[in-house]
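Student: See start38.txt below, with compact mmCIF, N, CA and C atoms.
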```
# COMPACT_ATOMS: atom_id res chain seq x y z
N MET A 1 2.35 78.78 8.60
CA MET A 1 1.46 79.64 7.86
C MET A 1 1.79 79.53 6.38
N SER A 2 0.80 79.36 5.54
CA SER A 2 1.04 79.26 4.11
C SER A 2 1.47 80.61 3.54
N ILE A 3 2.12 80.58 2.40
CA ILE A 3 2.55 81.81 1.76
C ILE A 3 1.34 82.67 1.43
N ARG A 4 0.27 82.07 0.93
CA ARG A 4 -0.95 82.81 0.60
C ARG A 4 -1.47 83.55 1.84
N ASN A 5 -1.53 82.85 2.96
CA ASN A 5 -2.02 83.47 4.20
C ASN A 5 -1.06 84.55 4.70
N ALA A 6 0.23 84.32 4.58
CA ALA A 6 1.22 85.31 5.02
C ALA A 6 1.09 86.60 4.20
N ILE A 7 0.91 86.47 2.90
CA ILE A 7 0.75 87.65 2.05
C ILE A 7 -0.57 88.35 2.36
N GLU A 8 -1.64 87.59 2.51
CA GLU A 8 -2.94 88.18 2.84
C GLU A 8 -2.87 88.95 4.17
N THR A 9 -2.22 88.37 5.17
CA THR A 9 -2.07 89.04 6.47
C THR A 9 -1.26 90.32 6.33
N LEU A 10 -0.19 90.28 5.56
CA LEU A 10 0.64 91.46 5.33
C LEU A 10 -0.18 92.57 4.67
N LEU A 11 -0.94 92.24 3.65
CA LEU A 11 -1.75 93.24 2.95
C LEU A 11 -2.83 93.82 3.85
N GLU A 12 -3.51 92.96 4.59
CA GLU A 12 -4.59 93.42 5.47
C GLU A 12 -4.07 94.31 6.60
N ALA A 13 -2.82 94.16 6.98
CA ALA A 13 -2.25 94.96 8.06
C ALA A 13 -1.84 96.36 7.61
N ASP A 14 -1.81 96.60 6.31
CA ASP A 14 -1.39 97.89 5.79
C ASP A 14 -2.59 98.85 5.73
N MET A 15 -2.59 99.84 6.62
CA MET A 15 -3.71 100.77 6.72
C MET A 15 -3.90 101.60 5.45
N THR A 16 -2.81 101.96 4.79
CA THR A 16 -2.90 102.73 3.55
C THR A 16 -3.64 101.94 2.49
N LEU A 17 -3.29 100.67 2.34
CA LEU A 17 -3.93 99.81 1.35
C LEU A 17 -5.40 99.59 1.70
N MET A 18 -5.69 99.31 2.95
CA MET A 18 -7.07 99.02 3.35
C MET A 18 -7.97 100.25 3.25
N ALA A 19 -7.40 101.45 3.32
CA ALA A 19 -8.19 102.67 3.10
C ALA A 19 -8.64 102.77 1.65
N VAL A 20 -7.88 102.16 0.74
CA VAL A 20 -8.22 102.16 -0.68
C VAL A 20 -9.14 100.98 -1.01
N LEU A 21 -8.79 99.81 -0.51
CA LEU A 21 -9.58 98.60 -0.78
C LEU A 21 -10.66 98.44 0.29
N THR A 22 -11.66 99.27 0.20
CA THR A 22 -12.72 99.31 1.23
C THR A 22 -13.56 98.04 1.24
N GLY A 23 -13.49 97.26 0.17
CA GLY A 23 -14.20 95.98 0.13
C GLY A 23 -13.39 94.83 0.68
N GLY A 24 -12.11 95.05 0.99
CA GLY A 24 -11.28 94.04 1.63
C GLY A 24 -10.31 93.32 0.71
N VAL A 25 -9.54 92.44 1.31
CA VAL A 25 -8.59 91.56 0.62
C VAL A 25 -9.00 90.13 0.97
N TYR A 26 -9.07 89.29 -0.05
CA TYR A 26 -9.55 87.91 0.12
C TYR A 26 -8.57 86.95 -0.54
N SER A 27 -8.61 85.70 -0.12
CA SER A 27 -7.88 84.66 -0.84
C SER A 27 -8.89 83.58 -1.19
N GLY A 28 -8.66 82.94 -2.30
CA GLY A 28 -9.57 81.89 -2.72
C GLY A 28 -9.84 81.94 -4.21
N MET A 29 -10.99 81.43 -4.56
CA MET A 29 -11.31 81.23 -5.98
C MET A 29 -12.01 82.42 -6.65
N GLU A 30 -12.90 83.11 -5.91
CA GLU A 30 -13.66 84.17 -6.57
C GLU A 30 -14.24 85.15 -5.57
N ILE A 31 -14.61 86.29 -6.09
CA ILE A 31 -15.37 87.29 -5.35
C ILE A 31 -16.83 87.06 -5.71
N SER A 32 -17.66 86.87 -4.71
CA SER A 32 -19.09 86.67 -4.97
C SER A 32 -19.90 87.20 -3.79
N ARG A 33 -21.15 87.50 -4.05
CA ARG A 33 -22.02 88.00 -2.98
C ARG A 33 -22.23 86.94 -1.89
N GLN A 34 -22.11 85.67 -2.23
CA GLN A 34 -22.28 84.60 -1.26
C GLN A 34 -21.03 84.38 -0.41
N ASP A 35 -19.87 84.32 -1.07
CA ASP A 35 -18.63 83.98 -0.37
C ASP A 35 -17.91 85.18 0.24
N THR A 36 -18.07 86.36 -0.33
CA THR A 36 -17.38 87.56 0.14
C THR A 36 -18.36 88.73 0.23
N PRO A 37 -19.38 88.64 1.08
CA PRO A 37 -20.43 89.67 1.12
C PRO A 37 -19.91 91.06 1.49
N ASP A 38 -18.82 91.15 2.25
CA ASP A 38 -18.28 92.46 2.63
C ASP A 38 -17.65 93.21 1.46
N ALA A 39 -17.46 92.52 0.34
CA ALA A 39 -16.90 93.15 -0.85
C ALA A 39 -17.96 93.95 -1.62
N PHE A 40 -19.20 93.91 -1.14
CA PHE A 40 -20.31 94.57 -1.83
C PHE A 40 -21.00 95.57 -0.90
N ASN A 41 -21.52 96.64 -1.49
CA ASN A 41 -22.25 97.62 -0.68
C ASN A 41 -23.71 97.19 -0.52
N ALA A 42 -24.50 97.99 0.17
CA ALA A 42 -25.90 97.65 0.46
C ALA A 42 -26.73 97.51 -0.81
N SER A 43 -26.29 98.15 -1.89
CA SER A 43 -27.01 98.05 -3.17
C SER A 43 -26.56 96.86 -4.00
N GLY A 44 -25.62 96.09 -3.47
CA GLY A 44 -25.12 94.91 -4.18
C GLY A 44 -24.04 95.21 -5.20
N GLU A 45 -23.50 96.44 -5.18
CA GLU A 45 -22.42 96.80 -6.10
C GLU A 45 -21.07 96.53 -5.44
N ILE A 46 -20.12 96.11 -6.24
CA ILE A 46 -18.81 95.77 -5.70
C ILE A 46 -18.06 97.03 -5.24
N LYS A 47 -17.38 96.88 -4.10
CA LYS A 47 -16.51 97.93 -3.59
C LYS A 47 -15.09 97.59 -4.05
N PRO A 48 -14.17 98.56 -4.05
CA PRO A 48 -12.79 98.23 -4.42
C PRO A 48 -12.26 97.14 -3.49
N CYS A 49 -11.75 96.06 -4.10
CA CYS A 49 -11.27 94.92 -3.31
C CYS A 49 -10.22 94.16 -4.12
N ALA A 50 -9.59 93.19 -3.45
CA ALA A 50 -8.56 92.37 -4.10
C ALA A 50 -8.75 90.91 -3.74
N LEU A 51 -8.39 90.05 -4.68
CA LEU A 51 -8.46 88.61 -4.50
C LEU A 51 -7.09 88.02 -4.76
N LEU A 52 -6.58 87.27 -3.81
CA LEU A 52 -5.24 86.70 -3.86
C LEU A 52 -5.34 85.21 -4.14
N GLY A 53 -4.57 84.72 -5.10
CA GLY A 53 -4.58 83.30 -5.39
C GLY A 53 -3.22 82.80 -5.85
N VAL A 54 -2.99 81.51 -5.66
CA VAL A 54 -1.77 80.87 -6.12
C VAL A 54 -2.06 80.26 -7.48
N GLU A 55 -1.24 80.62 -8.45
CA GLU A 55 -1.46 80.18 -9.83
C GLU A 55 -0.70 78.89 -10.14
N ALA A 56 0.55 78.82 -9.71
CA ALA A 56 1.39 77.65 -10.03
C ALA A 56 2.54 77.57 -9.05
N ASP A 57 3.13 76.39 -8.96
CA ASP A 57 4.30 76.18 -8.11
C ASP A 57 5.14 75.10 -8.79
N ASP A 58 6.36 75.46 -9.20
CA ASP A 58 7.18 74.47 -9.90
C ASP A 58 8.63 74.53 -9.42
N ALA A 59 9.35 73.45 -9.71
CA ALA A 59 10.75 73.36 -9.31
C ALA A 59 11.58 74.37 -10.10
N ALA A 60 12.36 75.16 -9.38
CA ALA A 60 13.22 76.17 -10.02
C ALA A 60 14.14 76.74 -8.95
N GLY A 61 15.20 77.38 -9.39
CA GLY A 61 16.07 78.07 -8.44
C GLY A 61 17.38 77.39 -8.21
N PRO A 62 18.14 77.97 -7.31
CA PRO A 62 19.52 77.53 -7.13
C PRO A 62 19.68 76.25 -6.30
N LEU A 63 18.68 75.88 -5.53
CA LEU A 63 18.82 74.74 -4.63
C LEU A 63 18.06 73.53 -5.15
N LEU A 64 18.46 72.37 -4.69
CA LEU A 64 17.80 71.13 -5.09
C LEU A 64 16.31 71.15 -4.78
N HIS A 65 15.93 71.73 -3.66
CA HIS A 65 14.53 71.75 -3.25
C HIS A 65 13.93 73.15 -3.24
N SER A 66 14.36 74.00 -4.15
CA SER A 66 13.74 75.33 -4.23
C SER A 66 12.70 75.33 -5.35
N SER A 67 11.76 76.24 -5.22
CA SER A 67 10.70 76.33 -6.24
C SER A 67 10.30 77.78 -6.43
N ARG A 68 9.56 78.01 -7.49
CA ARG A 68 8.97 79.33 -7.70
C ARG A 68 7.46 79.15 -7.75
N MET A 69 6.82 79.95 -6.96
CA MET A 69 5.37 79.94 -6.87
C MET A 69 4.88 81.26 -7.47
N PHE A 70 3.85 81.19 -8.29
CA PHE A 70 3.28 82.41 -8.86
C PHE A 70 2.00 82.75 -8.12
N VAL A 71 1.98 83.96 -7.58
CA VAL A 71 0.83 84.48 -6.85
C VAL A 71 0.22 85.60 -7.68
N VAL A 72 -1.09 85.55 -7.83
CA VAL A 72 -1.81 86.56 -8.61
C VAL A 72 -2.73 87.33 -7.68
N VAL A 73 -2.71 88.66 -7.83
CA VAL A 73 -3.65 89.52 -7.11
C VAL A 73 -4.57 90.13 -8.15
N ARG A 74 -5.86 89.85 -8.00
CA ARG A 74 -6.87 90.43 -8.89
C ARG A 74 -7.55 91.58 -8.16
N PHE A 75 -7.73 92.69 -8.86
CA PHE A 75 -8.33 93.89 -8.29
C PHE A 75 -9.67 94.15 -8.96
N TYR A 76 -10.64 94.60 -8.17
CA TYR A 76 -11.98 94.88 -8.67
C TYR A 76 -12.43 96.25 -8.19
N GLU A 77 -13.18 96.94 -9.05
CA GLU A 77 -13.75 98.25 -8.72
C GLU A 77 -14.99 98.45 -9.58
N ARG A 78 -16.02 99.03 -9.03
CA ARG A 78 -17.29 99.17 -9.74
C ARG A 78 -17.12 99.84 -11.10
N SER A 79 -16.52 101.00 -11.13
CA SER A 79 -16.27 101.68 -12.41
C SER A 79 -15.00 102.49 -12.30
N GLY A 80 -14.29 102.59 -13.39
CA GLY A 80 -13.03 103.30 -13.39
C GLY A 80 -11.92 102.49 -12.73
N TYR A 81 -10.74 103.08 -12.72
CA TYR A 81 -9.56 102.37 -12.22
C TYR A 81 -8.80 103.17 -11.16
N THR A 82 -9.45 104.15 -10.57
CA THR A 82 -8.77 105.01 -9.60
C THR A 82 -8.24 104.22 -8.41
N ALA A 83 -9.10 103.49 -7.75
CA ALA A 83 -8.68 102.70 -6.58
C ALA A 83 -7.76 101.56 -7.01
N ILE A 84 -8.07 100.93 -8.12
CA ILE A 84 -7.23 99.83 -8.63
C ILE A 84 -5.81 100.30 -8.85
N ASP A 85 -5.63 101.45 -9.52
CA ASP A 85 -4.28 101.95 -9.81
C ASP A 85 -3.50 102.23 -8.54
N VAL A 86 -4.15 102.81 -7.54
CA VAL A 86 -3.48 103.09 -6.27
C VAL A 86 -3.12 101.78 -5.56
N ALA A 87 -4.05 100.83 -5.55
CA ALA A 87 -3.81 99.53 -4.88
C ALA A 87 -2.70 98.75 -5.57
N LEU A 88 -2.66 98.77 -6.91
CA LEU A 88 -1.58 98.09 -7.65
C LEU A 88 -0.22 98.60 -7.19
N GLU A 89 -0.07 99.91 -7.11
CA GLU A 89 1.21 100.50 -6.73
C GLU A 89 1.55 100.24 -5.26
N ARG A 90 0.55 100.27 -4.40
CA ARG A 90 0.80 100.03 -2.98
C ARG A 90 1.24 98.59 -2.73
N ILE A 91 0.56 97.65 -3.39
CA ILE A 91 0.93 96.24 -3.21
C ILE A 91 2.31 95.97 -3.80
N TYR A 92 2.63 96.63 -4.91
CA TYR A 92 3.98 96.52 -5.46
C TYR A 92 5.01 96.96 -4.41
N ALA A 93 4.75 98.09 -3.76
CA ALA A 93 5.68 98.59 -2.73
C ALA A 93 5.79 97.62 -1.55
N LEU A 94 4.71 96.94 -1.24
CA LEU A 94 4.71 96.01 -0.10
C LEU A 94 5.36 94.66 -0.42
N LEU A 95 5.29 94.22 -1.69
CA LEU A 95 5.73 92.86 -2.02
C LEU A 95 7.01 92.75 -2.84
N HIS A 96 7.24 93.66 -3.79
CA HIS A 96 8.37 93.49 -4.71
C HIS A 96 9.71 93.54 -3.97
N ARG A 97 10.51 92.50 -4.20
CA ARG A 97 11.84 92.34 -3.60
C ARG A 97 11.79 92.23 -2.08
N GLN A 98 10.70 91.67 -1.57
CA GLN A 98 10.51 91.51 -0.14
C GLN A 98 10.47 90.02 0.22
N ARG A 99 10.48 89.76 1.51
CA ARG A 99 10.30 88.42 2.06
C ARG A 99 9.07 88.45 2.95
N VAL A 100 8.40 87.34 3.05
CA VAL A 100 7.31 87.20 4.03
C VAL A 100 7.61 85.96 4.85
N SER A 101 7.06 85.93 6.04
CA SER A 101 7.29 84.73 6.86
C SER A 101 6.47 83.58 6.31
N GLY A 102 6.98 82.41 6.43
CA GLY A 102 6.24 81.23 6.00
C GLY A 102 6.90 80.49 4.87
N GLU A 103 7.05 79.21 5.05
CA GLU A 103 7.47 78.26 4.02
C GLU A 103 8.76 78.62 3.29
N GLY A 104 9.76 79.12 3.98
CA GLY A 104 11.09 79.31 3.42
C GLY A 104 11.21 80.28 2.27
N VAL A 105 10.50 81.39 2.30
CA VAL A 105 10.52 82.35 1.20
C VAL A 105 11.87 83.07 1.15
N PHE A 106 12.50 83.05 -0.04
CA PHE A 106 13.72 83.81 -0.27
C PHE A 106 13.37 85.25 -0.62
N GLU A 107 12.49 85.39 -1.63
CA GLU A 107 12.18 86.72 -2.15
C GLU A 107 10.93 86.66 -3.02
N ILE A 108 10.21 87.77 -3.03
CA ILE A 108 9.05 87.94 -3.91
C ILE A 108 9.43 88.97 -4.96
N ARG A 109 9.11 88.67 -6.22
CA ARG A 109 9.39 89.62 -7.31
C ARG A 109 8.14 89.83 -8.16
N HIS A 110 7.91 91.07 -8.47
CA HIS A 110 6.81 91.43 -9.36
C HIS A 110 7.17 90.97 -10.77
N THR A 111 6.25 90.32 -11.46
CA THR A 111 6.53 89.86 -12.83
C THR A 111 5.66 90.53 -13.88
N GLY A 112 4.64 91.28 -13.47
CA GLY A 112 3.86 92.01 -14.45
C GLY A 112 2.45 92.32 -13.99
N ASP A 113 1.86 93.27 -14.70
CA ASP A 113 0.47 93.68 -14.48
C ASP A 113 -0.31 93.55 -15.77
N VAL A 114 -1.59 93.29 -15.62
CA VAL A 114 -2.54 93.39 -16.73
C VAL A 114 -3.58 94.38 -16.25
N ARG A 115 -3.67 95.50 -16.93
CA ARG A 115 -4.54 96.59 -16.47
C ARG A 115 -5.73 96.77 -17.41
N ASP A 116 -6.63 97.62 -16.97
CA ASP A 116 -7.77 98.05 -17.79
C ASP A 116 -8.57 96.90 -18.37
N MET A 117 -8.87 95.93 -17.52
CA MET A 117 -9.69 94.78 -17.91
C MET A 117 -11.12 95.01 -17.41
N ARG A 118 -12.00 94.11 -17.76
CA ARG A 118 -13.39 94.16 -17.30
C ARG A 118 -13.80 92.75 -16.90
N ASP A 119 -14.46 92.62 -15.75
CA ASP A 119 -15.02 91.34 -15.32
C ASP A 119 -16.49 91.34 -15.72
N ALA A 120 -16.83 90.49 -16.67
CA ALA A 120 -18.19 90.46 -17.22
C ALA A 120 -19.21 89.94 -16.22
N VAL A 121 -18.82 88.99 -15.38
CA VAL A 121 -19.75 88.41 -14.41
C VAL A 121 -20.13 89.42 -13.34
N LEU A 122 -19.13 90.10 -12.78
CA LEU A 122 -19.38 91.10 -11.74
C LEU A 122 -19.73 92.47 -12.32
N ASP A 123 -19.56 92.62 -13.64
CA ASP A 123 -19.83 93.89 -14.33
C ASP A 123 -19.06 95.03 -13.68
N CYS A 124 -17.73 94.87 -13.65
CA CYS A 124 -16.89 95.87 -13.00
C CYS A 124 -15.52 95.94 -13.66
N ALA A 125 -14.78 96.99 -13.31
CA ALA A 125 -13.40 97.14 -13.76
C ALA A 125 -12.53 96.12 -13.02
N MET A 126 -11.45 95.72 -13.68
CA MET A 126 -10.59 94.68 -13.10
C MET A 126 -9.15 94.88 -13.59
N ALA A 127 -8.19 94.44 -12.78
CA ALA A 127 -6.78 94.40 -13.17
C ALA A 127 -6.14 93.23 -12.42
N MET A 128 -4.92 92.86 -12.83
CA MET A 128 -4.19 91.76 -12.18
C MET A 128 -2.73 92.12 -12.04
N SER A 129 -2.13 91.69 -10.93
CA SER A 129 -0.69 91.76 -10.73
C SER A 129 -0.21 90.34 -10.45
N ARG A 130 0.94 90.02 -10.99
CA ARG A 130 1.49 88.68 -10.81
C ARG A 130 2.86 88.79 -10.15
N TYR A 131 3.09 87.92 -9.15
CA TYR A 131 4.34 87.90 -8.40
C TYR A 131 4.92 86.50 -8.39
N GLN A 132 6.25 86.44 -8.46
CA GLN A 132 6.96 85.17 -8.36
C GLN A 132 7.56 85.08 -6.96
N VAL A 133 7.27 83.99 -6.27
CA VAL A 133 7.78 83.77 -4.93
C VAL A 133 8.81 82.65 -5.01
N MET A 134 10.07 83.00 -4.76
CA MET A 134 11.13 81.99 -4.73
C MET A 134 11.21 81.47 -3.30
N ARG A 135 11.20 80.12 -3.17
CA ARG A 135 11.17 79.54 -1.83
C ARG A 135 11.89 78.21 -1.78
N TYR A 136 12.20 77.80 -0.57
CA TYR A 136 12.78 76.50 -0.30
C TYR A 136 11.66 75.55 0.12
N ARG A 137 11.54 74.41 -0.57
CA ARG A 137 10.45 73.46 -0.30
C ARG A 137 10.87 72.34 0.64
N GLY A 138 12.12 72.24 0.99
CA GLY A 138 12.68 71.19 1.79
C GLY A 138 11.80 70.59 2.76
```
Once more with this new file: its structure as structure tokens, please.
Tutor:
Amino acid sequence: MSIRNAIETLLEADMTLMAVLTGGVYSGMEISRQDTPDAFNASGEIKPCALLGVEADDAAGPLLHSSRMFVVVRFYERSGYTAIDVALERIYALLHRQRVSGEGVFEIRHTGDVRDMRDAVLDCAMAMSRYQVMRYRG
């Protein structure tokens, strides 16, 4: 199982998080009405949701074949940041200083948030959390 899929599965299994992210958790390139229709309500407005993606993977760490992978979680909400703020904190609690199964993960560390953004295409509130995944690539 890939690290992306392992993290997505972990997040989707958390009932507290899914009660906040009523539009779901996705992995891939973008949130759109075509690719992620469950992220939108009947009026076509975005529901609180998250998009998980891998940003980079480079050689780093204590071992010859260890690397650090950067995973980004993007959060979306129609207006305001109420659900986004709760989801940011919940995902932090689920991922920071944790391990997930898959591909030799040593540890996941939170590296920062970018809050109070706006997605012009979806016309909604947005935020991002970035995590560093230290792993063995052997």
Student: Do you have, as JSON lines, the list of residues of segment 11-94 of chain A lying at most 9 Å from segment 102-122 of chain A, each with its nearest atom pair and that distance in Å to one decimal, counting only C-alpha atoms and ordered by chain then number?
Tutor:
```
{"residue": "A:Ile31", "atom": "CA", "partner": "A:Leu122", "partner_atom": "CA", "distance": 8.5}
{"residue": "A:Ser32", "atom": "CA", "partner": "A:Leu122", "partner_atom": "CA", "distance": 8.1}
{"residue": "A:Glu45", "atom": "CA", "partner": "A:Leu122", "partner_atom": "CA", "distance": 8.6}
{"residue": "A:Ile46", "atom": "CA", "partner": "A:Leu122", "partner_atom": "CA", "distance": 7.7}
{"residue": "A:Tyr76", "atom": "CA", "partner": "A:Asp119", "partner_atom": "CA", "distance": 8.1}
{"residue": "A:Arg78", "atom": "CA", "partner": "A:Leu122", "partner_atom": "CA", "distance": 8.6}
{"residue": "A:Gly80", "atom": "CA", "partner": "A:Asp116", "partner_atom": "CA", "distance": 8.6}
{"residue": "A:Tyr81", "atom": "CA", "partner": "A:Asp116", "partner_atom": "CA", "distance": 7.3}
{"residue": "A:Ile84", "atom": "CA", "partner": "A:Arg115", "partner_atom": "CA", "distance": 8.9}
{"residue": "A:Asp85", "atom": "CA", "partner": "A:Arg115", "partner_atom": "CA", "distance": 8.6}
{"residue": "A:Leu88", "atom": "CA", "partner": "A:Asp113", "partner_atom": "CA", "distance": 8.4}
{"residue": "A:Tyr92", "atom": "CA", "partner": "A:His110", "partner_atom": "CA", "distance": 7.0}
```
Student: Which of chain A end up as strand (DSSP E) when DSSP is run on this backbone - answer as number ranges by chain?
Tutor: A: 24-27, 49-59, 66-77, 105-119, 124-136
Student: Kindly indicate which residue among A:Leu64, A:Met29, A:Cys49, A:Ala87 lies nearest to Thr16 of chain A, using all atoms listed in the file for the distances.
Tutor: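 Under the stated criterion, the closest residue is A:Ala87.
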Student: Just to confirm, what's the straight-line distance from atom CA of Phe75 of chain A to atom C of Arg135 of chain A in Å (one decimal)?
Tutor: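 Straight-line distance from atom CA of Phe75 of chain A to atom C of Arg135 of chain A works out to 26.4 Å.
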Student: In terms of the shortest atom-to-atom distance over all atoms listed in the file, which of A:Val54, A:Ala83, A:Ala93, A:Val72 is closest to Met128 of chain A?
Tutor: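 Looking at the shortest contact to Met128 of chain A, the residue is A:Val72.
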Student: Could you tell me how far atom C of Tyr131 of chain A sits from atom N of Met69 of chain A, in Å to one decimal place?
Tutor: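 Computing it gives 7.0 Å between the two atoms.
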Student: Considering only N, CA and C atoms, return as a ChimeraX atom specification whatever protein or nucleic-acid residues lie within 5 Å of Glu77 of chain A, sequence-local ones (same chain, fewer than 3 positions apart) excluded.
Tutor: /A:47-48,124-125
Student: Which residues are close to Ala50 of chain A, i.e. within 5 Å by only N, CA and C atoms, leaving aside same-chain residues fewer than 5 positions away? Reply as a VMD selection string.
Tutor: chain A and resid 24 to 26 74 to 75
Student: Quick one: residues within 7 Å of (2.4, 82.4, -7.9) (file frame), counting all atoms listed in the file, please, as a list in words.
Tutor: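 Result, sorted by chain then residue number: Gly53, Val54, Glu55, Ala56, Asp57, Arg68, Met69, Phe70, Val71, Val72, Arg130, Tyr131, Gln132 and Val133 of chain A.
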Student: So how far away is atom CA of Asp38 of chain A from atom N of Arg99 of chain A, in Å?
Tutor: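 Spanning atom N of Arg99 of chain A to atom CA of Asp38 of chain A is a straight-line distance of 28.9 Å.
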Student: As JSON, numbers by chain, please: every residue in chain A that DSSP puts in helix (DSSP H, G or I).
Tutor: {"A": [3, 4, 5, 6, 7, 8, 9, 10, 11, 12, 15, 16, 17, 18, 19, 20, 37, 38, 39, 82, 83, 84, 85, 86, 87, 88, 89, 90, 91, 92, 93, 94, 95]}
Student: Can I get segment 130-137 of chain A with all heavy atoms filled in, as an mmCIF file, keeping the file's coordinate frame?
Tutor:
```
data_model
loop_
_atom_site.group_PDB
_atom_site.id
_atom_site.type_symbol
_atom_site.label_atom_id
_atom_site.label_comp_id
_atom_site.auth_asym_id
_atom_site.auth_seq_id
_atom_site.Cartn_x
_atom_site.Cartn_y
_atom_site.Cartn_z
ATOM 1 N N ARG A 130 0.940 90.020 -10.990
ATOM 2 C CA ARG A 130 1.490 88.680 -10.810
ATOM 3 C C ARG A 130 2.860 88.790 -10.150
ATOM 4 O O ARG A 130 3.679 89.634 -10.521
ATOM 5 C CB ARG A 130 1.619 88.016 -12.175
ATOM 6 C CG ARG A 130 1.906 86.548 -12.134
ATOM 7 C CD ARG A 130 1.731 85.975 -13.543
ATOM 8 N NE ARG A 130 1.802 84.552 -13.540
ATOM 9 C CZ ARG A 130 2.607 83.855 -14.333
ATOM 10 N NH1 ARG A 130 3.396 84.458 -15.180
ATOM 11 N NH2 ARG A 130 2.609 82.547 -14.273
ATOM 12 N N TYR A 131 3.090 87.920 -9.150
ATOM 13 C CA TYR A 131 4.340 87.900 -8.400
ATOM 14 C C TYR A 131 4.920 86.500 -8.390
ATOM 15 O O TYR A 131 4.191 85.518 -8.302
ATOM 16 C CB TYR A 131 4.104 88.370 -6.949
ATOM 17 C CG TYR A 131 3.747 89.829 -6.875
ATOM 18 C CD1 TYR A 131 2.426 90.242 -6.996
ATOM 19 C CD2 TYR A 131 4.726 90.802 -6.698
ATOM 20 C CE1 TYR A 131 2.099 91.578 -6.958
ATOM 21 C CE2 TYR A 131 4.414 92.145 -6.656
ATOM 22 C CZ TYR A 131 3.090 92.525 -6.788
ATOM 23 O OH TYR A 131 2.762 93.853 -6.753
ATOM 24 N N GLN A 132 6.250 86.440 -8.460
ATOM 25 C CA GLN A 132 6.960 85.170 -8.360
ATOM 26 C C GLN A 132 7.560 85.080 -6.960
ATOM 27 O O GLN A 132 8.264 85.987 -6.526
ATOM 28 C CB GLN A 132 8.068 85.126 -9.406
ATOM 29 C CG GLN A 132 8.956 83.902 -9.310
ATOM 30 C CD GLN A 132 10.057 83.942 -10.332
ATOM 31 O OE1 GLN A 132 9.850 83.547 -11.457
ATOM 32 N NE2 GLN A 132 11.224 84.436 -9.950
ATOM 33 N N VAL A 133 7.270 83.990 -6.270
ATOM 34 C CA VAL A 133 7.780 83.770 -4.930
ATOM 35 C C VAL A 133 8.810 82.650 -5.010
ATOM 36 O O VAL A 133 8.493 81.517 -5.319
ATOM 37 C CB VAL A 133 6.644 83.369 -3.957
ATOM 38 C CG1 VAL A 133 7.197 83.115 -2.566
ATOM 39 C CG2 VAL A 133 5.543 84.424 -3.928
ATOM 40 N N MET A 134 10.070 83.000 -4.760
ATOM 41 C CA MET A 134 11.130 81.990 -4.730
ATOM 42 C C MET A 134 11.210 81.470 -3.300
ATOM 43 O O MET A 134 11.250 82.248 -2.348
ATOM 44 C CB MET A 134 12.477 82.589 -5.140
ATOM 45 C CG MET A 134 12.526 83.010 -6.596
ATOM 46 S SD MET A 134 12.176 81.696 -7.788
ATOM 47 C CE MET A 134 13.541 80.582 -7.512
ATOM 48 N N ARG A 135 11.200 80.120 -3.170
ATOM 49 C CA ARG A 135 11.170 79.540 -1.830
ATOM 50 C C ARG A 135 11.890 78.210 -1.780
ATOM 51 O O ARG A 135 12.128 77.569 -2.796
ATOM 52 C CB ARG A 135 9.736 79.382 -1.360
ATOM 53 C CG ARG A 135 8.981 78.314 -2.130
ATOM 54 C CD ARG A 135 7.509 78.319 -1.757
ATOM 55 N NE ARG A 135 6.805 77.221 -2.365
ATOM 56 C CZ ARG A 135 6.246 76.225 -1.702
ATOM 57 N NH1 ARG A 135 6.301 76.170 -0.394
ATOM 58 N NH2 ARG A 135 5.616 75.267 -2.330
ATOM 59 N N TYR A 136 12.200 77.800 -0.570
ATOM 60 C CA TYR A 136 12.780 76.500 -0.300
ATOM 61 C C TYR A 136 11.660 75.550 0.120
ATOM 62 O O TYR A 136 10.895 75.850 1.026
ATOM 63 C CB TYR A 136 13.829 76.601 0.821
ATOM 64 C CG TYR A 136 14.445 75.284 1.190
ATOM 65 C CD1 TYR A 136 15.324 74.654 0.309
ATOM 66 C CD2 TYR A 136 14.149 74.660 2.393
ATOM 67 C CE1 TYR A 136 15.898 73.445 0.621
ATOM 68 C CE2 TYR A 136 14.715 73.438 2.725
ATOM 69 C CZ TYR A 136 15.587 72.834 1.827
ATOM 70 O OH TYR A 136 16.148 71.616 2.153
ATOM 71 N N ARG A 137 11.540 74.410 -0.570
ATOM 72 C CA ARG A 137 10.450 73.460 -0.300
ATOM 73 C C ARG A 137 10.870 72.340 0.640
ATOM 74 O O ARG A 137 10.033 71.529 1.009
ATOM 75 C CB ARG A 137 9.969 72.834 -1.603
ATOM 76 C CG ARG A 137 9.139 73.771 -2.418
ATOM 77 C CD ARG A 137 8.571 73.081 -3.593
ATOM 78 N NE ARG A 137 7.391 72.334 -3.184
ATOM 79 C CZ ARG A 137 6.475 71.909 -4.031
ATOM 80 N NH1 ARG A 137 6.624 72.117 -5.322
ATOM 81 N NH2 ARG A 137 5.433 71.252 -3.603
#
```
